[in-house]
Amino acid sequence: MLPQLSGLQLRQTLVQALNFCLVLTTAYMFWKGLSVVTDSPSPIVVVLSGSMEPAFQRGDILFLWNRDARVKVGDIVVYNVKGRDIPIVHRVVRNHVSSKKQLLLTKGDNNAMDDVDLYSYKQYYLDREQEVVGAVKGYIPIVGYVTILLSENLWAKYALLGGMGLLAMVQRD
Amino acid sequence: MFSTFQRLQQYCGFVSSVVICIMAAISLSSFVHLNYLTPVPTASISVDNVQVKYGKPPYGYNYKRQEYASMTFDLDADLSPLFNWNTKQLFVYLAATYPGKQYANKVVFWDSIITSKEDAIISLRNTTANYQIYDVTGKFSERTATVSLEWNVQPYVGLLTFSKGEGRSKFTFPPLASASSQKAR
């Protein structure tokens, strides 16, 4: 079943493997580089909920910036509340700044009520340094829906893997 | 020489680079239009009937008993120039900025989502604020607030724009009306 690997074939296989590694590391470097430039642990996020409609729909891609020490009222920020792992994208509607820290209240444009019930127990404000991951600066619609499709549907995952496998088998070059 | 897969790959590559170029052109042109070619809209705001009460603020999940202020306002502004080929919506809001001993504060008390050019000419009379103002310290101590009309232009693709209108209005938080005087009204 296994073909005899001549010197040339081995060389080709190794080059392919190297190329594959190159693609992976380039993507990783791009991501981490962007993280350093924007000063944000996740500089690109995909919108997962409809709470900011009609500005953002599910699957839209957002580009974040976290270099400004203080965010402003009206900014749309992404925050992670301690103890909850899903990042939330909502707008800042209250801002209280002292010399040491900034307290924020956020609200989804499409939500009737403010975000206090999304925060920790007895927490009334977000802490800018501790919890905010970045403010939204750029926007591309729809494109991120692929990741939602992959993470929420098992068939999409299998279709992608199967398709890639099939191509690798069929393709000869 | 070329396999189907390679042709497909090249086709997809070409389509995506064309789409990226078009999106960049749209985004850049609308950014220049909004930031350099559009005159800053003027807003005339007047806040009246500011009332400070004590208790749980009626709006929101903040259950602390504290002073909160409700108000009505008049607002005139023409924001239709902000609608260009790349404007998906405007998020417009009125914010009160006021100082404090420890914290400098800015609080939104009215907002609106505008999705068409026709709706962007705002003329409101005696409108009740959507949200009450309450302070981190729980007290207003008769501080004076400056009100401004601000907005976020949400594009179809590209950079978000944040700006504010010309024209400010001021009001002072009145002292807390005591229970007896509130009843008398």
# chains A, B, ... in the order shown; residues from 1 in each chain; ligands from 1
>>> residues_around(residues="range 77-84 of chain A", least_positions_apart="5", cutoff="8 Å", atoms="only C-alpha atoms", output="list in words")
Val89, His90, Arg91, Val92, Tyr119, Ser120, Leu126, Glu131, Val132, Val133, Gly134, Ala135 and Val136 of chain A
>>> interface_residues(of="chain A", to="chain B", cutoff="6 Å", atoms="only C-alpha atoms", output="PyMOL selection string")
chain A and resi 93-98+113-114+116+137-140
>>> select_by_dssp(residues="chain B", states="strand (DSSP E or B)", output="compact mmCIF listing (two decimals) with N, CA and C atoms, in the first residue's frame")
# COMPACT_ATOMS: atom_id res chain seq x y z
N THR B 42 -25.13 71.13 13.91
CA THR B 42 -25.40 71.91 15.12
C THR B 42 -26.61 71.33 15.84
N ALA B 43 -26.53 71.28 17.15
CA ALA B 43 -27.64 70.79 17.95
C ALA B 43 -28.09 71.89 18.89
N SER B 44 -29.40 72.14 18.95
CA SER B 44 -29.87 73.04 19.99
C SER B 44 -30.63 72.21 21.02
N ILE B 45 -30.11 72.26 22.23
CA ILE B 45 -30.63 71.41 23.30
C ILE B 45 -31.10 72.31 24.43
N SER B 46 -32.24 72.00 25.02
CA SER B 46 -32.55 72.65 26.28
C SER B 46 -33.18 71.63 27.22
N VAL B 47 -32.61 71.55 28.39
CA VAL B 47 -33.09 70.58 29.39
C VAL B 47 -33.93 71.33 30.41
N ASP B 48 -35.14 70.84 30.65
CA ASP B 48 -36.00 71.49 31.64
C ASP B 48 -36.48 70.45 32.64
N ASN B 49 -37.10 71.01 33.66
CA ASN B 49 -37.87 70.15 34.54
C ASN B 49 -37.02 69.04 35.18
N VAL B 50 -35.80 69.40 35.59
CA VAL B 50 -34.94 68.40 36.25
C VAL B 50 -35.45 68.17 37.67
N GLN B 51 -35.70 66.91 37.99
CA GLN B 51 -36.19 66.59 39.33
C GLN B 51 -35.29 65.55 39.98
N VAL B 52 -34.88 65.82 41.21
CA VAL B 52 -34.06 64.86 41.94
C VAL B 52 -34.92 64.19 43.00
N LYS B 53 -34.91 62.87 42.98
CA LYS B 53 -35.68 62.12 43.98
C LYS B 53 -34.78 61.10 44.65
N TYR B 54 -35.29 60.47 45.71
CA TYR B 54 -34.50 59.46 46.41
C TYR B 54 -35.20 58.12 46.33
N GLY B 55 -34.43 57.06 46.02
CA GLY B 55 -35.02 55.72 45.97
C GLY B 55 -34.28 54.88 44.95
N GLN B 66 -30.79 55.57 46.22
CA GLN B 66 -29.89 56.70 46.06
C GLN B 66 -30.64 57.86 45.40
N GLU B 67 -29.96 58.99 45.26
CA GLU B 67 -30.57 60.10 44.54
C GLU B 67 -30.54 59.82 43.05
N TYR B 68 -31.64 60.11 42.37
CA TYR B 68 -31.61 60.01 40.92
C TYR B 68 -32.36 61.19 40.32
N ALA B 69 -31.95 61.57 39.10
CA ALA B 69 -32.53 62.75 38.46
C ALA B 69 -33.28 62.34 37.20
N SER B 70 -34.50 62.85 37.05
CA SER B 70 -35.22 62.65 35.80
C SER B 70 -35.47 64.03 35.19
N MET B 71 -35.71 64.08 33.89
CA MET B 71 -35.81 65.38 33.23
C MET B 71 -36.57 65.27 31.91
N THR B 72 -36.93 66.39 31.36
CA THR B 72 -37.44 66.43 29.99
C THR B 72 -36.54 67.37 29.20
N PHE B 73 -36.61 67.27 27.87
CA PHE B 73 -35.73 68.13 27.07
C PHE B 73 -36.34 68.44 25.71
N ASP B 74 -35.86 69.52 25.11
CA ASP B 74 -36.16 69.85 23.71
C ASP B 74 -34.87 69.67 22.92
N LEU B 75 -34.97 69.15 21.71
CA LEU B 75 -33.78 68.92 20.91
C LEU B 75 -34.07 69.17 19.44
N ASP B 76 -33.21 69.97 18.81
CA ASP B 76 -33.30 70.17 17.36
C ASP B 76 -31.93 69.94 16.75
N ALA B 77 -31.88 69.05 15.77
CA ALA B 77 -30.61 68.80 15.09
C ALA B 77 -30.88 68.17 13.74
N ASP B 78 -30.08 68.54 12.75
CA ASP B 78 -30.19 67.92 11.43
C ASP B 78 -28.94 67.07 11.18
N THR B 87 -23.19 54.59 5.28
CA THR B 87 -23.78 54.72 6.62
C THR B 87 -24.90 53.71 6.80
N LYS B 88 -24.73 52.82 7.76
CA LYS B 88 -25.75 51.81 8.06
C LYS B 88 -26.74 52.37 9.07
N GLN B 89 -26.23 53.01 10.08
CA GLN B 89 -27.10 53.61 11.09
C GLN B 89 -26.36 54.66 11.90
N LEU B 90 -27.13 55.52 12.55
CA LEU B 90 -26.56 56.45 13.52
C LEU B 90 -27.03 56.02 14.89
N PHE B 91 -26.12 56.01 15.84
CA PHE B 91 -26.54 55.85 17.23
C PHE B 91 -26.35 57.22 17.86
N VAL B 92 -27.46 57.88 18.18
CA VAL B 92 -27.42 59.27 18.67
C VAL B 92 -27.76 59.27 20.15
N TYR B 93 -27.04 60.06 20.93
CA TYR B 93 -27.37 60.11 22.35
C TYR B 93 -27.07 61.47 22.96
N LEU B 94 -27.80 61.78 24.02
CA LEU B 94 -27.55 62.99 24.80
C LEU B 94 -26.82 62.58 26.06
N ALA B 95 -25.70 63.22 26.33
CA ALA B 95 -24.91 62.86 27.50
C ALA B 95 -24.71 64.08 28.40
N ALA B 96 -24.83 63.86 29.70
CA ALA B 96 -24.57 64.91 30.67
C ALA B 96 -23.18 64.69 31.27
N THR B 97 -22.34 65.73 31.19
CA THR B 97 -21.00 65.66 31.76
C THR B 97 -20.96 66.54 32.99
N TYR B 98 -20.56 65.98 34.12
CA TYR B 98 -20.48 66.82 35.32
C TYR B 98 -19.30 66.39 36.19
N ALA B 104 -14.80 62.20 37.64
CA ALA B 104 -15.41 63.01 36.59
C ALA B 104 -16.42 62.12 35.89
N ASN B 105 -17.60 62.65 35.60
CA ASN B 105 -18.69 61.78 35.17
C ASN B 105 -19.27 62.17 33.83
N LYS B 106 -19.73 61.15 33.11
CA LYS B 106 -20.48 61.39 31.88
C LYS B 106 -21.54 60.30 31.78
N VAL B 107 -22.79 60.72 31.67
CA VAL B 107 -23.90 59.77 31.72
C VAL B 107 -24.87 60.03 30.57
N VAL B 108 -25.22 58.97 29.85
CA VAL B 108 -26.19 59.08 28.76
C VAL B 108 -27.60 59.05 29.37
N PHE B 109 -28.46 60.02 28.98
CA PHE B 109 -29.83 59.96 29.51
C PHE B 109 -30.89 59.81 28.41
N TRP B 110 -30.46 59.87 27.15
CA TRP B 110 -31.40 59.61 26.06
C TRP B 110 -30.60 59.08 24.89
N ASP B 111 -31.12 58.08 24.19
CA ASP B 111 -30.45 57.63 22.97
C ASP B 111 -31.47 57.18 21.94
N SER B 112 -31.00 57.07 20.69
CA SER B 112 -31.89 56.67 19.62
C SER B 112 -31.08 56.08 18.48
N ILE B 113 -31.65 55.08 17.82
CA ILE B 113 -31.01 54.50 16.65
C ILE B 113 -31.73 55.02 15.42
N ILE B 114 -30.98 55.62 14.49
CA ILE B 114 -31.57 56.20 13.29
C ILE B 114 -31.04 55.42 12.09
N ILE B 121 -33.48 64.04 10.76
CA ILE B 121 -33.79 65.41 11.17
C ILE B 121 -34.59 65.31 12.46
N ILE B 122 -33.90 65.64 13.56
CA ILE B 122 -34.50 65.42 14.87
C ILE B 122 -35.15 66.70 15.37
N SER B 123 -36.39 66.59 15.80
CA SER B 123 -37.06 67.72 16.42
C SER B 123 -37.95 67.17 17.53
N LEU B 124 -37.50 67.33 18.76
CA LEU B 124 -38.22 66.75 19.89
C LEU B 124 -38.63 67.86 20.85
N ARG B 125 -39.85 67.76 21.36
CA ARG B 125 -40.36 68.74 22.33
C ARG B 125 -40.81 68.03 23.59
N ASN B 126 -40.38 68.56 24.73
CA ASN B 126 -40.85 68.03 26.01
C ASN B 126 -40.71 66.51 26.13
N THR B 127 -39.64 65.99 25.59
CA THR B 127 -39.43 64.55 25.60
C THR B 127 -38.86 64.11 26.94
N THR B 128 -39.39 63.03 27.47
CA THR B 128 -38.87 62.52 28.74
C THR B 128 -37.60 61.72 28.47
N ILE B 133 -30.54 59.78 35.61
CA ILE B 133 -29.12 59.91 35.96
C ILE B 133 -28.98 59.57 37.44
N TYR B 134 -28.00 58.74 37.77
CA TYR B 134 -27.62 58.58 39.19
C TYR B 134 -26.10 58.59 39.25
N THR B 144 -23.32 71.17 38.52
CA THR B 144 -23.82 71.62 37.22
C THR B 144 -23.32 70.69 36.12
N ALA B 145 -24.25 70.29 35.25
CA ALA B 145 -23.90 69.37 34.17
C ALA B 145 -23.98 70.07 32.82
N THR B 146 -23.09 69.68 31.91
CA THR B 146 -23.11 70.16 30.53
C THR B 146 -23.66 69.05 29.65
N VAL B 147 -24.63 69.41 28.79
CA VAL B 147 -25.26 68.40 27.94
C VAL B 147 -24.79 68.57 26.50
N SER B 148 -24.41 67.46 25.87
CA SER B 148 -24.02 67.52 24.47
C SER B 148 -24.71 66.40 23.69
N LEU B 149 -24.94 66.69 22.39
CA LEU B 149 -25.49 65.66 21.50
C LEU B 149 -24.32 64.99 20.80
N GLU B 150 -24.24 63.68 20.92
CA GLU B 150 -23.11 62.95 20.33
C GLU B 150 -23.64 61.77 19.52
N TRP B 151 -22.80 61.24 18.64
CA TRP B 151 -23.26 60.11 17.84
C TRP B 151 -22.12 59.22 17.40
N ASN B 152 -22.53 58.02 17.02
CA ASN B 152 -21.61 57.03 16.44
C ASN B 152 -22.19 56.66 15.08
N VAL B 153 -21.40 56.90 14.02
CA VAL B 153 -21.85 56.51 12.68
C VAL B 153 -21.37 55.08 12.44
N GLN B 154 -22.34 54.16 12.29
CA GLN B 154 -22.01 52.76 12.04
C GLN B 154 -21.97 52.52 10.54
N PRO B 155 -20.82 52.11 10.00
CA PRO B 155 -20.71 51.90 8.55
C PRO B 155 -21.19 50.51 8.13
N GLY B 158 -15.96 48.97 7.38
CA GLY B 158 -14.87 49.91 7.63
C GLY B 158 -14.84 50.48 9.04
N LEU B 159 -14.37 51.73 9.13
CA LEU B 159 -14.11 52.33 10.43
C LEU B 159 -15.34 52.98 11.05
N THR B 161 -17.16 55.84 13.19
CA THR B 161 -16.87 57.25 13.43
C THR B 161 -17.64 57.74 14.66
N PHE B 162 -16.94 58.46 15.54
CA PHE B 162 -17.57 59.01 16.73
C PHE B 162 -17.40 60.52 16.70
N SER B 163 -18.47 61.25 16.95
CA SER B 163 -18.34 62.71 16.94
C SER B 163 -19.45 63.34 17.79
N LYS B 164 -19.39 64.67 17.92
CA LYS B 164 -20.42 65.36 18.68
C LYS B 164 -20.80 66.66 17.99
N GLY B 165 -22.03 67.13 18.27
CA GLY B 165 -22.53 68.31 17.61
C GLY B 165 -22.05 69.59 18.27
N GLU B 166 -22.11 70.68 17.49
CA GLU B 166 -21.86 72.00 18.06
C GLU B 166 -23.07 72.34 18.91
N GLY B 167 -22.83 73.07 19.99
CA GLY B 167 -23.97 73.48 20.82
C GLY B 167 -24.04 72.68 22.09
N ARG B 168 -24.00 73.39 23.22
CA ARG B 168 -24.06 72.75 24.53
C ARG B 168 -25.20 73.37 25.32
N SER B 169 -25.65 72.64 26.32
CA SER B 169 -26.66 73.18 27.20
C SER B 169 -26.25 72.83 28.63
N LYS B 170 -26.65 73.64 29.58
CA LYS B 170 -26.27 73.37 30.97
C LYS B 170 -27.48 73.27 31.86
N PHE B 171 -27.36 72.48 32.91
CA PHE B 171 -28.39 72.50 33.95
C PHE B 171 -27.74 72.16 35.27
N THR B 172 -28.38 72.59 36.36
CA THR B 172 -27.86 72.28 37.69
C THR B 172 -28.83 71.31 38.36
>>> select_by_dssp(residues="chain B", states="alpha helix (DSSP H)", output="number ranges by chain")
B: 4-32, 179-184
>>> write_last_selection(atoms="C-alpha atoms", output="PDB file, in the first residue's frame")
ATOM      1  CA  THR B   4      -9.265  21.772 -10.726  1.00  0.00           C
ATOM      2  CA  PHE B   5      -8.265  22.551  -7.181  1.00  0.00           C
ATOM      3  CA  GLN B   6      -5.603  25.011  -8.295  1.00  0.00           C
ATOM      4  CA  ARG B   7      -8.024  26.756 -10.636  1.00  0.00           C
ATOM      5  CA  LEU B   8     -10.581  27.023  -7.837  1.00  0.00           C
ATOM      6  CA  GLN B   9      -7.940  28.374  -5.486  1.00  0.00           C
ATOM      7  CA  GLN B  10      -6.843  31.030  -7.965  1.00  0.00           C
ATOM      8  CA  TYR B  11     -10.438  32.002  -8.688  1.00  0.00           C
ATOM      9  CA  CYS B  12     -11.220  32.388  -4.969  1.00  0.00           C
ATOM     10  CA  GLY B  13      -8.018  34.335  -4.431  1.00  0.00           C
ATOM     11  CA  PHE B  14      -8.860  36.750  -7.225  1.00  0.00           C
ATOM     12  CA  VAL B  15     -12.456  37.259  -6.049  1.00  0.00           C
ATOM     13  CA  SER B  16     -11.398  37.908  -2.466  1.00  0.00           C
ATOM     14  CA  SER B  17      -8.690  40.397  -3.405  1.00  0.00           C
ATOM     15  CA  VAL B  18     -11.172  42.318  -5.596  1.00  0.00           C
ATOM     16  CA  VAL B  19     -13.721  42.341  -2.741  1.00  0.00           C
ATOM     17  CA  ILE B  20     -11.077  43.520  -0.261  1.00  0.00           C
ATOM     18  CA  CYS B  21     -10.027  46.371  -2.609  1.00  0.00           C
ATOM     19  CA  ILE B  22     -13.648  47.492  -3.089  1.00  0.00           C
ATOM     20  CA  MET B  23     -14.298  47.399   0.670  1.00  0.00           C
ATOM     21  CA  ALA B  24     -11.119  49.399   1.357  1.00  0.00           C
ATOM     22  CA  ALA B  25     -12.132  52.019  -1.241  1.00  0.00           C
ATOM     23  CA  ILE B  26     -15.669  52.344   0.206  1.00  0.00           C
ATOM     24  CA  SER B  27     -14.374  52.569   3.761  1.00  0.00           C
ATOM     25  CA  LEU B  28     -11.602  55.059   3.030  1.00  0.00           C
ATOM     26  CA  SER B  29     -13.789  57.364   0.914  1.00  0.00           C
ATOM     27  CA  SER B  30     -16.570  57.479   3.509  1.00  0.00           C
ATOM     28  CA  PHE B  31     -14.013  58.060   6.294  1.00  0.00           C
ATOM     29  CA  VAL B  32     -12.633  61.091   4.418  1.00  0.00           C
ATOM     30  CA  ALA B 179     -40.795  63.957  51.220  1.00  0.00           C
ATOM     31  CA  SER B 180     -43.269  66.549  52.531  1.00  0.00           C
ATOM     32  CA  SER B 181     -42.637  69.047  49.743  1.00  0.00           C
ATOM     33  CA  GLN B 182     -42.983  66.289  47.151  1.00  0.00           C
ATOM     34  CA  LYS B 183     -46.365  65.390  48.587  1.00  0.00           C
ATOM     35  CA  ALA B 184     -47.401  69.010  48.542  1.00  0.00           C
TER      36      ALA B 184
END
>>> closest_residue(among="B:Tyr36, B:Arg65, B:Ala177, B:Glu118", to="Phe83 in chain B", atoms="only C-alpha atoms")
B:Glu118
